[in-house]
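Novice: Provided below: data31.txt, containing compact mmCIF, C-alpha atoms.
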# COMPACT_ATOMS: atom_id res chain seq x y z
CA MET A 765 91.62 153.44 -1.47
CA MET A 766 89.19 155.61 -3.43
CA ARG A 767 89.14 153.08 -6.25
CA LYS A 768 88.30 150.30 -3.83
CA LEU A 769 85.48 152.31 -2.28
CA PHE A 770 84.11 153.16 -5.70
CA VAL A 771 84.04 149.51 -6.76
CA LEU A 772 82.34 148.47 -3.52
CA ALA A 773 79.83 151.26 -3.88
CA LEU A 774 78.97 150.03 -7.36
CA ILE A 775 78.53 146.48 -6.11
CA SER A 776 76.33 147.65 -3.29
CA THR A 777 74.29 149.85 -5.59
CA SER A 778 73.71 147.00 -7.96
CA LEU A 779 72.40 144.90 -5.06
CA SER A 780 70.16 147.57 -3.66
CA ALA A 781 69.63 150.96 -5.23
CA SER A 782 68.33 152.36 -1.96
CA VAL A 783 71.65 152.09 -0.10
CA PRO A 784 73.24 155.55 0.09
CA LEU A 785 76.84 155.64 -1.15
CA THR A 786 78.01 157.52 1.94
CA THR A 787 76.89 154.67 4.21
CA VAL A 788 78.81 152.16 2.14
CA ALA A 789 81.95 154.25 2.38
CA GLU A 790 81.50 154.86 6.11
CA GLU A 791 81.18 151.20 6.94
CA ILE A 792 84.38 150.06 5.24
CA ALA A 793 87.17 149.45 7.69
CA SER A 794 90.49 151.20 7.32
CA PRO A 795 93.00 149.35 5.19
CA GLY A 796 95.54 147.36 7.14
CA THR A 797 93.37 146.69 10.17
CA ASP A 798 92.70 143.16 11.32
CA ASP A 799 90.03 141.78 13.60
CA ARG A 800 92.11 142.50 16.69
CA ALA A 801 92.52 146.25 16.15
CA SER A 802 89.90 148.95 15.84
CA PRO A 803 89.76 150.93 12.60
CA VAL A 804 91.15 154.48 12.58
CA PHE A 805 92.79 154.15 16.00
CA GLY A 806 94.28 150.65 15.93
CA VAL A 807 93.19 150.01 19.52
CA THR A 808 93.35 146.38 20.68
CA LEU A 809 91.94 144.60 23.74
CA PRO A 810 94.60 145.00 26.45
CA PRO A 811 95.74 141.72 28.04
CA GLY A 812 94.15 141.08 31.45
CA TYR A 813 91.68 143.96 31.21
CA ARG A 814 88.91 141.85 32.77
CA ASP A 815 90.93 141.78 36.01
CA TRP A 816 91.34 145.54 36.23
CA GLN A 817 89.95 147.65 39.04
CA PHE A 818 86.39 148.87 39.17
CA ILE A 819 85.63 152.52 38.38
CA SER A 820 81.82 152.60 38.36
CA VAL A 821 78.58 151.26 36.92
CA ALA A 822 75.85 152.64 34.68
CA HIS A 823 72.65 151.67 32.92
CA GLU A 824 71.87 152.88 29.42
CA ALA A 825 68.22 152.44 28.53
CA GLY A 826 66.77 152.95 25.04
CA ASN A 827 68.54 151.41 22.07
CA ASN A 828 71.49 150.20 24.15
CA ASN A 829 69.34 148.70 26.92
CA ASP A 830 72.46 147.55 28.73
CA ILE A 831 74.04 147.57 32.17
CA ARG A 832 77.76 148.17 32.32
CA GLY A 833 80.82 148.01 34.47
CA ILE A 834 83.69 150.40 33.83
CA LEU A 835 87.23 149.28 34.72
CA GLY A 836 90.58 151.01 34.54
CA ASN A 837 94.24 150.05 34.33
CA ASP A 838 96.60 151.12 37.11
CA ILE A 839 97.52 154.42 35.44
CA ALA A 840 93.88 155.40 34.93
CA MET A 841 92.89 154.30 38.46
CA LYS A 842 95.63 156.39 40.05
CA ALA A 843 94.46 159.50 38.20
CA LEU A 844 90.81 158.81 39.03
CA LYS A 845 91.40 158.14 42.72
CA GLU A 846 93.68 161.14 43.14
CA GLY A 847 91.49 163.36 40.97
CA THR A 848 94.48 164.41 38.85
CA LEU A 849 92.94 164.81 35.41
CA PRO A 850 93.72 165.09 32.54
CA PHE A 851 94.63 161.41 32.41
CA PRO A 852 98.30 160.68 31.78
CA ASP A 853 99.42 158.81 28.68
CA GLY A 854 99.03 155.07 29.13
CA SER A 855 95.66 155.37 30.84
CA ILE A 856 93.17 152.82 29.55
CA ILE A 857 89.49 152.64 30.44
CA VAL A 858 87.36 149.64 29.55
CA ARG A 859 83.58 149.64 29.43
CA LEU A 860 81.98 146.18 29.64
CA ALA A 861 78.34 146.19 28.57
CA TYR A 862 75.80 143.44 29.16
CA GLU A 863 72.18 142.89 28.26
CA TYR A 864 69.92 144.52 30.85
CA VAL A 865 67.89 141.60 32.13
CA PRO A 866 65.07 141.54 34.72
CA SER A 867 65.90 138.74 37.17
CA GLU A 868 62.82 136.61 37.62
CA ARG A 869 64.69 134.50 40.15
CA ASN A 870 65.59 137.52 42.30
CA ASN A 871 62.14 139.08 41.96
CA ALA A 872 60.55 135.85 43.18
CA ILE A 873 62.87 135.85 46.21
CA PHE A 874 62.29 139.54 46.99
CA GLY A 875 58.55 139.31 46.29
CA ARG A 876 58.84 142.44 44.13
CA GLU A 877 59.66 143.34 40.54
CA GLN A 878 62.84 145.20 41.32
CA SER A 879 65.93 143.32 40.21
CA PHE A 880 67.87 143.87 36.98
CA VAL A 881 71.10 142.02 36.35
CA ALA A 882 73.77 141.62 33.69
CA GLY A 883 72.91 139.14 30.95
CA ALA A 884 75.07 138.15 28.01
CA PRO A 885 77.91 140.52 27.09
CA THR A 886 76.99 142.92 24.28
CA ASN A 887 80.24 144.70 23.58
CA VAL A 888 83.41 146.06 25.14
CA GLN A 889 84.59 149.58 24.47
CA ILE A 890 88.13 150.71 25.12
CA GLU A 891 89.67 154.16 25.30
CA VAL A 892 93.44 154.57 25.36
CA LYS A 893 95.22 157.81 26.22
CA ASP A 894 98.14 158.66 23.96
CA SER A 895 98.33 162.40 23.59
CA LYS A 896 100.67 162.31 20.61
CA ARG A 897 99.23 159.40 18.62
CA TYR A 898 95.64 160.53 19.14
CA ALA A 899 96.23 164.28 19.21
CA SER A 900 93.35 164.98 16.84
CA THR A 901 90.80 163.25 19.12
CA GLY A 902 91.63 164.81 22.45
CA GLY A 903 94.45 162.35 23.11
CA TRP A 904 92.16 159.32 23.16
CA GLY A 905 91.96 156.36 20.80
CA TYR A 906 88.82 154.24 20.68
CA GLY A 907 87.72 150.73 19.87
CA GLN A 908 84.64 148.55 20.18
CA PHE A 909 84.85 144.78 20.47
CA GLU A 910 82.35 141.95 20.22
CA ASN A 911 83.37 138.43 21.22
CA GLY A 912 86.97 139.57 21.39
CA LYS A 913 87.02 140.97 17.87
CA ALA A 914 87.27 144.60 16.86
CA ASN A 915 84.16 146.00 15.26
CA PRO A 916 85.30 147.17 11.80
CA SER A 917 82.70 149.91 11.43
CA LEU A 918 84.13 153.36 10.79
CA LYS A 919 80.76 154.84 11.65
CA ILE A 920 80.82 153.30 15.14
CA VAL A 921 84.42 154.11 15.95
CA ASN A 922 84.11 157.67 14.69
CA SER A 923 80.98 158.19 16.78
CA CYS A 924 82.99 157.62 19.97
CA PHE A 925 84.94 160.86 19.93
CA ALA A 926 82.03 162.78 18.41
CA CYS A 927 80.10 162.03 21.60
CA HIS A 928 82.96 162.20 24.13
CA ALA A 929 83.92 165.61 22.74
CA LYS A 930 80.64 167.03 24.06
CA LEU A 931 81.71 166.50 27.68
CA PRO A 932 82.93 169.44 29.78
CA ALA A 933 86.68 170.05 29.44
CA ALA A 934 87.33 169.03 33.05
CA ALA A 935 86.20 165.47 32.25
CA ASP A 936 89.09 164.99 29.81
CA PHE A 937 86.65 163.34 27.37
CA VAL A 938 85.70 160.59 29.85
CA PHE A 939 82.08 159.98 30.85
CA THR A 940 82.70 157.93 33.97
CA THR A 941 83.87 159.24 37.31
CA PHE A 942 85.23 157.15 40.15
CA SER A 943 82.64 155.76 42.56
CA LYS A 944 84.02 155.45 46.08
CA MET B 1133 71.15 138.91 77.51
CA MET B 1134 67.41 138.38 78.09
CA ARG B 1135 67.53 140.51 81.22
CA LYS B 1136 69.23 143.33 79.33
CA LEU B 1137 66.69 143.18 76.52
CA PHE B 1138 63.84 143.21 79.04
CA VAL B 1139 65.21 146.30 80.78
CA LEU B 1140 65.71 148.10 77.47
CA ALA B 1141 62.23 147.13 76.38
CA LEU B 1142 60.82 148.66 79.56
CA ILE B 1143 62.79 151.87 79.04
CA SER B 1144 61.62 152.10 75.46
CA THR B 1145 58.03 151.43 76.47
CA SER B 1146 58.15 154.19 79.04
CA LEU B 1147 59.44 156.60 76.38
CA SER B 1148 56.92 155.63 73.73
CA ALA B 1149 54.11 153.18 74.29
CA SER B 1150 53.71 152.73 70.55
CA VAL B 1151 57.11 151.08 69.97
CA PRO B 1152 56.57 147.33 69.65
CA LEU B 1153 58.77 145.31 72.00
CA THR B 1154 59.93 142.98 69.24
CA THR B 1155 61.40 145.90 67.29
CA VAL B 1156 63.34 147.07 70.31
CA ALA B 1157 64.84 143.62 70.79
CA GLU B 1158 65.61 143.17 67.09
CA GLU B 1159 67.46 146.45 66.79
CA ILE B 1160 69.88 145.95 69.67
CA ALA B 1161 73.34 145.08 68.49
CA SER B 1162 75.10 142.02 69.81
CA PRO B 1163 77.16 142.64 72.92
CA GLY B 1164 80.84 143.07 72.26
CA THR B 1165 80.52 144.44 68.71
CA ASP B 1166 82.00 147.79 67.80
CA ASP B 1167 81.39 150.05 64.83
CA ARG B 1168 83.88 148.15 62.70
CA ALA B 1169 82.27 144.72 62.97
CA SER B 1170 78.79 143.60 62.00
CA PRO B 1171 76.54 142.24 64.75
CA VAL B 1172 75.99 138.47 64.95
CA PHE B 1173 78.75 137.66 62.45
CA GLY B 1174 81.54 140.04 63.44
CA VAL B 1175 82.33 140.77 59.77
CA THR B 1176 84.59 143.77 59.11
CA LEU B 1177 85.44 145.69 55.95
CA PRO B 1178 88.40 143.83 54.41
CA PRO B 1179 91.45 146.03 53.70
CA GLY B 1180 91.77 147.01 50.04
CA TYR B 1181 88.36 145.64 49.04
CA ARG B 1182 87.72 148.62 46.75
CA ASP B 1183 90.60 147.44 44.55
CA TRP B 1184 89.25 143.91 44.12
CA GLN B 1185 88.24 142.44 40.80
CA PHE B 1186 84.88 143.01 39.22
CA ILE B 1187 82.27 140.23 39.31
CA SER B 1188 79.18 141.92 37.88
CA VAL B 1189 76.66 144.75 38.11
CA ALA B 1190 72.98 145.02 39.00
CA HIS B 1191 70.19 147.53 39.50
CA GLU B 1192 67.69 147.17 42.30
CA ALA B 1193 64.63 149.35 41.78
CA GLY B 1194 61.91 149.88 44.38
CA ASN B 1195 62.92 150.71 47.94
CA ASN B 1196 66.63 150.21 47.28
CA ASN B 1197 66.66 152.26 44.06
CA ASP B 1198 70.37 151.66 43.68
CA ILE B 1199 72.93 150.58 41.11
CA ARG B 1200 75.68 148.30 42.30
CA GLY B 1201 79.02 146.81 41.52
CA ILE B 1202 79.97 143.44 42.97
CA LEU B 1203 83.66 142.68 43.61
CA GLY B 1204 85.48 139.62 44.87
CA ASN B 1205 88.76 138.79 46.53
CA ASP B 1206 91.20 136.48 44.77
CA ILE B 1207 89.77 133.30 46.33
CA ALA B 1208 86.22 134.19 45.33
CA MET B 1209 87.28 135.27 41.81
CA LYS B 1210 89.10 132.00 41.19
CA ALA B 1211 86.02 129.99 42.14
CA LEU B 1212 83.73 132.20 40.06
CA LYS B 1213 85.93 132.16 36.96
CA GLU B 1214 86.50 128.42 37.13
CA GLY B 1215 82.90 127.69 38.10
CA THR B 1216 84.00 125.61 41.08
CA LEU B 1217 81.28 126.31 43.62
CA PRO B 1218 80.69 125.96 46.53
CA PHE B 1219 83.07 128.80 47.35
CA PRO B 1220 86.12 127.79 49.39
CA ASP B 1221 86.70 129.22 52.84
CA GLY B 1222 88.29 132.64 52.65
CA SER B 1223 86.09 133.78 49.76
CA ILE B 1224 84.81 137.31 50.26
CA ILE B 1225 82.28 139.10 48.08
CA VAL B 1226 81.64 142.84 48.38
CA ARG B 1227 78.57 144.59 47.04
CA LEU B 1228 78.98 148.36 46.59
CA ALA B 1229 75.64 150.13 46.18
CA TYR B 1230 75.12 153.68 44.94
CA GLU B 1231 72.14 155.94 44.45
CA TYR B 1232 70.54 155.29 41.06
CA VAL B 1233 70.76 158.68 39.40
CA PRO B 1234 69.52 159.79 35.96
CA SER B 1235 72.40 161.63 34.30
CA GLU B 1236 71.10 164.90 32.92
CA ARG B 1237 74.55 165.62 31.51
CA ASN B 1238 74.68 162.35 29.57
CA ASN B 1239 71.06 162.61 28.43
CA ALA B 1240 71.76 166.07 27.02
CA ILE B 1241 74.75 164.69 25.11
CA PHE B 1242 72.87 161.64 23.81
CA GLY B 1243 69.72 163.64 23.07
CA ARG B 1244 67.67 160.98 24.85
CA GLU B 1245 66.55 160.15 28.38
CA GLN B 1246 68.53 156.96 28.68
CA SER B 1247 71.45 157.29 31.05
CA PHE B 1248 71.52 156.22 34.70
CA VAL B 1249 74.74 156.42 36.69
CA ALA B 1250 76.04 155.78 40.18
CA GLY B 1251 75.47 158.63 42.62
CA ALA B 1252 76.53 158.79 46.25
CA PRO B 1253 77.37 155.48 47.93
CA THR B 1254 74.46 154.07 49.95
CA ASN B 1255 75.97 151.05 51.65
CA VAL B 1256 78.47 148.24 51.28
CA GLN B 1257 77.51 144.65 52.00
CA ILE B 1258 80.08 141.94 52.64
CA GLU B 1259 79.78 138.19 52.72
CA VAL B 1260 82.62 136.06 54.06
CA LYS B 1261 82.86 132.30 53.62
CA ASP B 1262 83.95 130.41 56.71
CA SER B 1263 82.21 127.07 56.78
CA LYS B 1264 83.01 126.37 60.42
CA ARG B 1265 82.46 129.79 61.97
CA TYR B 1266 79.25 130.41 60.02
CA ALA B 1267 78.01 126.82 59.82
CA SER B 1268 74.48 127.78 60.84
CA THR B 1269 74.11 130.26 57.95
CA GLY B 1270 75.32 128.18 55.05
CA GLY B 1271 78.96 128.97 55.76
CA TRP B 1272 78.55 132.70 55.13
CA GLY B 1273 78.87 135.63 57.52
CA TYR B 1274 77.30 138.96 56.64
CA GLY B 1275 77.75 142.65 57.30
CA GLN B 1276 76.41 145.96 56.06
CA PHE B 1277 78.44 149.15 56.25
CA GLU B 1278 77.65 152.82 55.80
CA ASN B 1279 80.48 155.36 55.62
CA GLY B 1280 82.91 152.66 56.69
CA LYS B 1281 80.96 151.76 59.83
CA ALA B 1282 79.10 148.54 60.50
CA ASN B 1283 75.35 148.91 60.65
CA PRO B 1284 74.42 147.67 64.16
CA SER B 1285 70.91 146.53 63.25
CA LEU B 1286 70.22 142.90 64.03
CA LYS B 1287 67.16 143.07 61.84
CA ILE B 1288 69.24 144.06 58.80
CA VAL B 1289 72.04 141.59 59.34
CA ASN B 1290 69.67 138.72 60.02
CA SER B 1291 67.71 139.52 56.86
CA CYS B 1292 70.80 138.76 54.75
CA PHE B 1293 70.84 135.02 55.21
CA ALA B 1294 67.04 134.82 55.32
CA CYS B 1295 67.05 136.07 51.72
CA HIS B 1296 70.23 134.34 50.46
CA ALA B 1297 68.89 131.02 51.79
CA LYS B 1298 66.10 131.18 49.19
CA LEU B 1299 68.57 130.78 46.31
CA PRO B 1300 68.98 127.42 44.55
CA ALA B 1301 71.56 125.19 46.24
CA ALA B 1302 73.93 125.42 43.25
CA ALA B 1303 74.38 129.15 43.89
CA ASP B 1304 75.98 128.48 47.29
CA PHE B 1305 73.87 131.32 48.77
CA VAL B 1306 75.35 133.93 46.39
CA PHE B 1307 73.10 136.05 44.17
CA THR B 1308 75.75 137.25 41.72
CA THR B 1309 77.34 135.22 38.97
CA PHE B 1310 80.47 136.16 37.07
CA SER B 1311 79.97 138.36 34.01
CA LYS B 1312 82.53 137.63 31.32
For the file at hand, write its structure as structure tokens.
Specialist:
Amino acid sequence: MMRKLFVLALISTSLSASVPLTTVAEEIASPGTDDRASPVFGVTLPPGYRDWQFISVAHEAGNNNDIRGILGNDIAMKALKEGTLPFPDGSIIVRLAYEYVPSERNNAIFGREQSFVAGAPTNVQIEVKDSKRYASTGGWGYGQFENGKANPSLKIVNSCFACHAKLPAAADFVFTTFSK
Amino acid sequence: MMRKLFVLALISTSLSASVPLTTVAEEIASPGTDDRASPVFGVTLPPGYRDWQFISVAHEAGNNNDIRGILGNDIAMKALKEGTLPFPDGSIIVRLAYEYVPSERNNAIFGREQSFVAGAPTNVQIEVKDSKRYASTGGWGYGQFENGKANPSLKIVNSCFACHAKLPAAADFVFTTFSK
């Protein structure tokens, strides 16, 4: 593994001396992963996730500039509805993000600039609870997917837990709460 | 009906001369409705609607200032996924709106003012396709609900179709399209 990284770093450096070696190393996917599974965690898109139940919605402005729906499988929904966190093993939460698009059609109908809708999908993020397999990341494994394929970036997938770990303990590392 | 409205208008006028008569008439619920069914259309909250599949999300700024998830029953979802509009009879679409709330917790974690989440529920709007029963309103019946109870306002319920009717014909009077 180290040899492979070193060779790639040399190639990259020869192409552009300004690329830091750490970035090159960070962006190389784990060995053995394919385009269906996330690096590090090996999380895949669960079959039928688009049909899962609705947890809540959010809008992230700034760099993301998206609007998102958050869905859960039956195990996650039961825990959310009953308020029995931490989530049991087998819980899966899916976050579907879309471009945040002002709707000119709706604004014309309403006579006001007020309507923002979901445009093209940007990415799907998945978190899977498996307290043994993912013991070192609070029991959660992560993955990000674009057009059905796992994003191979180690930097992205490692940033998931880094951020989720900043949540209060009662949240069990999950940003979204159930909207009634 | 006219006699009843006239009497109520007189009562209202005697209480407050500044209340316009039209408003009094508009705000009287249809006779025979209860707090479970919308006026005019008699639409009720369908059992289990909160567990329905996810169609899309939106944010309405301005007076609404909400963020919303839109769900559909199986008949509506089939038509949306297969793109076979107009919707068949039996289609039901539910729009769950929530207060649009900046998340101070998330912003602190992200180090940026970017995160808006769903706060307390504001209202639920339902549209039911029944081409015979609701022939005069494009085949759709409407209702708005707060805390599980139908809003009795004729003005509100009549404003639904007035607005939906402005959509292009291909939309079959439905604002939301399916987000993949």
Novice: Write out the coordinates of chain B as a compact mmCIF listing (two decimals) with C-alpha atoms, in the coordinates of the input after a least-squares overlay onto chain A built on all ordered Cα pairs.
Specialist:
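Result saved to result_8.txt:
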# COMPACT_ATOMS: atom_id res chain seq x y z
CA MET B 1133 91.56 154.79 -0.93
CA MET B 1134 89.03 156.92 -2.83
CA ARG B 1135 89.29 154.66 -5.86
CA LYS B 1136 88.63 151.59 -3.72
CA LEU B 1137 85.62 153.20 -2.07
CA PHE B 1138 84.26 154.23 -5.47
CA VAL B 1139 84.56 150.69 -6.82
CA LEU B 1140 82.89 149.23 -3.74
CA ALA B 1141 80.15 151.81 -3.96
CA LEU B 1142 79.48 150.78 -7.56
CA ILE B 1143 79.37 147.10 -6.61
CA SER B 1144 76.99 147.82 -3.77
CA THR B 1145 74.80 149.96 -6.00
CA SER B 1146 74.56 147.20 -8.56
CA LEU B 1147 73.48 144.77 -5.83
CA SER B 1148 70.93 147.07 -4.25
CA ALA B 1149 70.03 150.47 -5.62
CA SER B 1150 68.53 151.45 -2.28
CA VAL B 1151 71.81 151.39 -0.32
CA PRO B 1152 73.01 154.97 0.10
CA LEU B 1153 76.59 155.48 -1.07
CA THR B 1154 77.59 157.29 2.12
CA THR B 1155 76.68 154.24 4.22
CA VAL B 1156 78.81 151.99 2.06
CA ALA B 1157 81.80 154.28 2.48
CA GLU B 1158 81.26 154.72 6.22
CA GLU B 1159 81.10 151.00 6.91
CA ILE B 1160 84.34 150.02 5.21
CA ALA B 1161 87.09 149.31 7.68
CA SER B 1162 90.42 151.04 7.39
CA PRO B 1163 92.94 149.21 5.24
CA GLY B 1164 95.44 147.20 7.20
CA THR B 1165 93.23 146.52 10.23
CA ASP B 1166 92.51 142.98 11.34
CA ASP B 1167 89.86 141.59 13.65
CA ARG B 1168 91.95 142.34 16.72
CA ALA B 1169 92.37 146.07 16.16
CA SER B 1170 89.74 148.77 15.84
CA PRO B 1171 89.59 150.72 12.58
CA VAL B 1172 90.99 154.27 12.51
CA PHE B 1173 92.65 153.97 15.93
CA GLY B 1174 94.14 150.48 15.86
CA VAL B 1175 93.07 149.86 19.48
CA THR B 1176 93.24 146.25 20.68
CA LEU B 1177 91.85 144.50 23.75
CA PRO B 1178 94.52 144.93 26.44
CA PRO B 1179 95.67 141.66 28.06
CA GLY B 1180 94.11 141.03 31.47
CA TYR B 1181 91.65 143.93 31.23
CA ARG B 1182 88.89 141.84 32.84
CA ASP B 1183 90.93 141.78 36.05
CA TRP B 1184 91.34 145.56 36.25
CA GLN B 1185 89.98 147.67 39.06
CA PHE B 1186 86.44 148.90 39.20
CA ILE B 1187 85.67 152.54 38.37
CA SER B 1188 81.88 152.64 38.38
CA VAL B 1189 78.62 151.29 36.98
CA ALA B 1190 75.87 152.67 34.75
CA HIS B 1191 72.64 151.70 33.02
CA GLU B 1192 71.85 152.87 29.52
CA ALA B 1193 68.18 152.43 28.66
CA GLY B 1194 66.72 152.95 25.19
CA ASN B 1195 68.46 151.37 22.22
CA ASN B 1196 71.43 150.16 24.27
CA ASN B 1197 69.29 148.69 27.07
CA ASP B 1198 72.41 147.53 28.87
CA ILE B 1199 74.01 147.57 32.30
CA ARG B 1200 77.73 148.18 32.44
CA GLY B 1201 80.81 148.02 34.54
CA ILE B 1202 83.69 150.40 33.85
CA LEU B 1203 87.24 149.29 34.72
CA GLY B 1204 90.60 151.00 34.51
CA ASN B 1205 94.24 150.03 34.28
CA ASP B 1206 96.62 151.12 37.03
CA ILE B 1207 97.54 154.42 35.33
CA ALA B 1208 93.90 155.39 34.83
CA MET B 1209 92.94 154.32 38.39
CA LYS B 1210 95.70 156.42 39.93
CA ALA B 1211 94.52 159.51 38.06
CA LEU B 1212 90.88 158.85 38.93
CA LYS B 1213 91.51 158.20 42.62
CA GLU B 1214 93.78 161.21 43.00
CA GLY B 1215 91.59 163.41 40.81
CA THR B 1216 94.55 164.42 38.66
CA LEU B 1217 92.99 164.79 35.23
CA PRO B 1218 93.76 165.06 32.36
CA PHE B 1219 94.65 161.37 32.25
CA PRO B 1220 98.32 160.63 31.61
CA ASP B 1221 99.40 158.74 28.52
CA GLY B 1222 99.01 155.01 29.00
CA SER B 1223 95.64 155.34 30.73
CA ILE B 1224 93.15 152.77 29.48
CA ILE B 1225 89.47 152.60 30.39
CA VAL B 1226 87.32 149.57 29.55
CA ARG B 1227 83.54 149.60 29.47
CA LEU B 1228 81.94 146.14 29.72
CA ALA B 1229 78.28 146.17 28.68
CA TYR B 1230 75.74 143.42 29.32
CA GLU B 1231 72.12 142.87 28.46
CA TYR B 1232 69.88 144.54 31.04
CA VAL B 1233 67.85 141.63 32.36
CA PRO B 1234 65.06 141.60 34.97
CA SER B 1235 65.89 138.82 37.42
CA GLU B 1236 62.81 136.69 37.92
CA ARG B 1237 64.72 134.61 40.46
CA ASN B 1238 65.63 137.64 42.58
CA ASN B 1239 62.18 139.21 42.25
CA ALA B 1240 60.60 135.99 43.51
CA ILE B 1241 62.93 136.02 46.52
CA PHE B 1242 62.37 139.71 47.27
CA GLY B 1243 58.63 139.49 46.60
CA ARG B 1244 58.89 142.59 44.41
CA GLU B 1245 59.69 143.47 40.81
CA GLN B 1246 62.88 145.32 41.55
CA SER B 1247 65.95 143.43 40.44
CA PHE B 1248 67.87 143.95 37.19
CA VAL B 1249 71.09 142.07 36.55
CA ALA B 1250 73.73 141.66 33.88
CA GLY B 1251 72.85 139.15 31.17
CA ALA B 1252 74.97 138.13 28.20
CA PRO B 1253 77.82 140.48 27.26
CA THR B 1254 76.89 142.85 24.42
CA ASN B 1255 80.15 144.63 23.68
CA VAL B 1256 83.33 145.98 25.21
CA GLN B 1257 84.51 149.51 24.49
CA ILE B 1258 88.07 150.63 25.11
CA GLU B 1259 89.61 154.06 25.25
CA VAL B 1260 93.38 154.48 25.26
CA LYS B 1261 95.17 157.72 26.09
CA ASP B 1262 98.08 158.55 23.81
CA SER B 1263 98.27 162.29 23.38
CA LYS B 1264 100.59 162.15 20.38
CA ARG B 1265 99.13 159.23 18.45
CA TYR B 1266 95.54 160.38 18.99
CA ALA B 1267 96.15 164.13 19.02
CA SER B 1268 93.24 164.81 16.66
CA THR B 1269 90.71 163.11 18.97
CA GLY B 1270 91.58 164.69 22.28
CA GLY B 1271 94.39 162.23 22.93
CA TRP B 1272 92.09 159.21 23.04
CA GLY B 1273 91.86 156.23 20.70
CA TYR B 1274 88.72 154.12 20.63
CA GLY B 1275 87.60 150.59 19.87
CA GLN B 1276 84.52 148.43 20.22
CA PHE B 1277 84.73 144.67 20.54
CA GLU B 1278 82.21 141.85 20.33
CA ASN B 1279 83.23 138.32 21.35
CA GLY B 1280 86.84 139.46 21.51
CA LYS B 1281 86.86 140.82 17.96
CA ALA B 1282 87.12 144.44 16.92
CA ASN B 1283 84.00 145.84 15.33
CA PRO B 1284 85.13 146.99 11.85
CA SER B 1285 82.51 149.71 11.47
CA LEU B 1286 83.94 153.14 10.81
CA LYS B 1287 80.60 154.64 11.66
CA ILE B 1288 80.67 153.13 15.16
CA VAL B 1289 84.27 153.95 15.93
CA ASN B 1290 83.97 157.50 14.66
CA SER B 1291 80.85 158.04 16.77
CA CYS B 1292 82.90 157.51 19.94
CA PHE B 1293 84.85 160.73 19.86
CA ALA B 1294 81.93 162.65 18.34
CA CYS B 1295 80.02 161.93 21.56
CA HIS B 1296 82.91 162.12 24.07
CA ALA B 1297 83.88 165.52 22.62
CA LYS B 1298 80.60 166.94 23.96
CA LEU B 1299 81.70 166.46 27.58
CA PRO B 1300 82.95 169.41 29.65
CA ALA B 1301 86.69 170.00 29.25
CA ALA B 1302 87.37 169.02 32.88
CA ALA B 1303 86.23 165.46 32.14
CA ASP B 1304 89.09 164.94 29.66
CA PHE B 1305 86.62 163.27 27.26
CA VAL B 1306 85.70 160.54 29.78
CA PHE B 1307 82.08 159.95 30.80
CA THR B 1308 82.73 157.93 33.95
CA THR B 1309 83.94 159.27 37.27
CA PHE B 1310 85.30 157.20 40.12
CA SER B 1311 82.73 155.82 42.56
CA LYS B 1312 84.13 155.56 46.07
Novice: Might you pull out every residue within 9 Å of Asp1206 of chain B, with all atoms listed in the file counted and same-chain residues fewer than 6 positions away left off, and present them as an NGL selection string?
Specialist: :B and (1184-1185 or 1223-1224)
Novice: Of the candidates B:Asn1195, B:Asn1290, B:Gln1246, B:Asn1238, which shows the shortest atom-to-atom distance to chain A, using all atoms listed in the file?
Specialist: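 Comparing B:Asn1195, B:Asn1290, B:Gln1246, B:Asn1238 against chain A, the winner is B:Gln1246.
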Novice: For the interface of chain A with chain B (cut-off 8 Å, counting all atoms listed in the file), please tabulate each contacting residue of chain A alongside its nearest pair of atoms and their separation in Å to one decimal, rows sorted by chain and increasing number, as CSV.
Specialist:
residue,atom,partner,partner_atom,distance
A:Arg814,CA,B:Phe1186,CA,7.7
A:Asp815,CA,B:Gln1185,CA,5.5
A:Trp816,CA,B:Gln1185,CA,6.3
A:Gln817,CA,B:Asp1183,CA,5.6
A:Phe818,CA,B:Phe1186,CA,6.1
A:Ser820,CA,B:Ala1250,CA,6.8
A:Val821,CA,B:Ala1250,CA,6.1
A:Ala822,CA,B:Val1249,CA,4.4
A:His823,CA,B:Phe1248,CA,5.0
A:Glu824,CA,B:Ser1247,CA,4.7
A:Ala825,CA,B:Gln1246,CA,4.5
A:Gly826,CA,B:Gln1246,CA,5.7
A:Ile831,CA,B:Val1189,CA,7.1
A:Arg832,CA,B:Val1189,CA,6.8
A:Gly833,CA,B:Val1189,CA,6.4
A:Asn870,CA,B:Phe1307,CA,7.9
A:Ile873,CA,B:Lys1298,CA,6.4
A:Phe874,CA,B:Cys1295,CA,7.6
A:Glu877,CA,B:Ala1193,CA,7.9
A:Gln878,CA,B:Ala1193,CA,4.5
A:Ser879,CA,B:Glu1192,CA,4.7
A:Phe880,CA,B:His1191,CA,5.0
A:Val881,CA,B:Ala1190,CA,4.4
A:Ala882,CA,B:Val1189,CA,6.1
A:Gly883,CA,B:Ser1311,CA,7.7
A:Ala884,CA,B:Ser1311,CA,7.7
A:Pro885,CA,B:Lys1312,CA,6.9
A:Cys927,CA,B:Ile1241,CA,6.9
A:Lys930,CA,B:Ile1241,CA,6.4
A:Leu931,CA,B:Ile1241,CA,7.6
A:Phe939,CA,B:Asn1238,CA,7.9
A:Ser943,CA,B:Ala1250,CA,7.0
A:Lys944,CA,B:Pro1253,CA,6.9
Novice: What does the structure give for the distance between atom CA of Glu846 of chain A and atom CA of Glu1259 of chain B, in Å to one decimal?
Specialist: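 These atoms are spaced 28.5 Å apart.
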Novice: Using atom CA of Glu1231 of chain B and atom CA of Asp1304 of chain B as the two end points, give the distance in Å to one decimal.
Specialist: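 Between atom CA of Glu1231 of chain B and atom CA of Asp1304 of chain B the gap is 27.9 Å.
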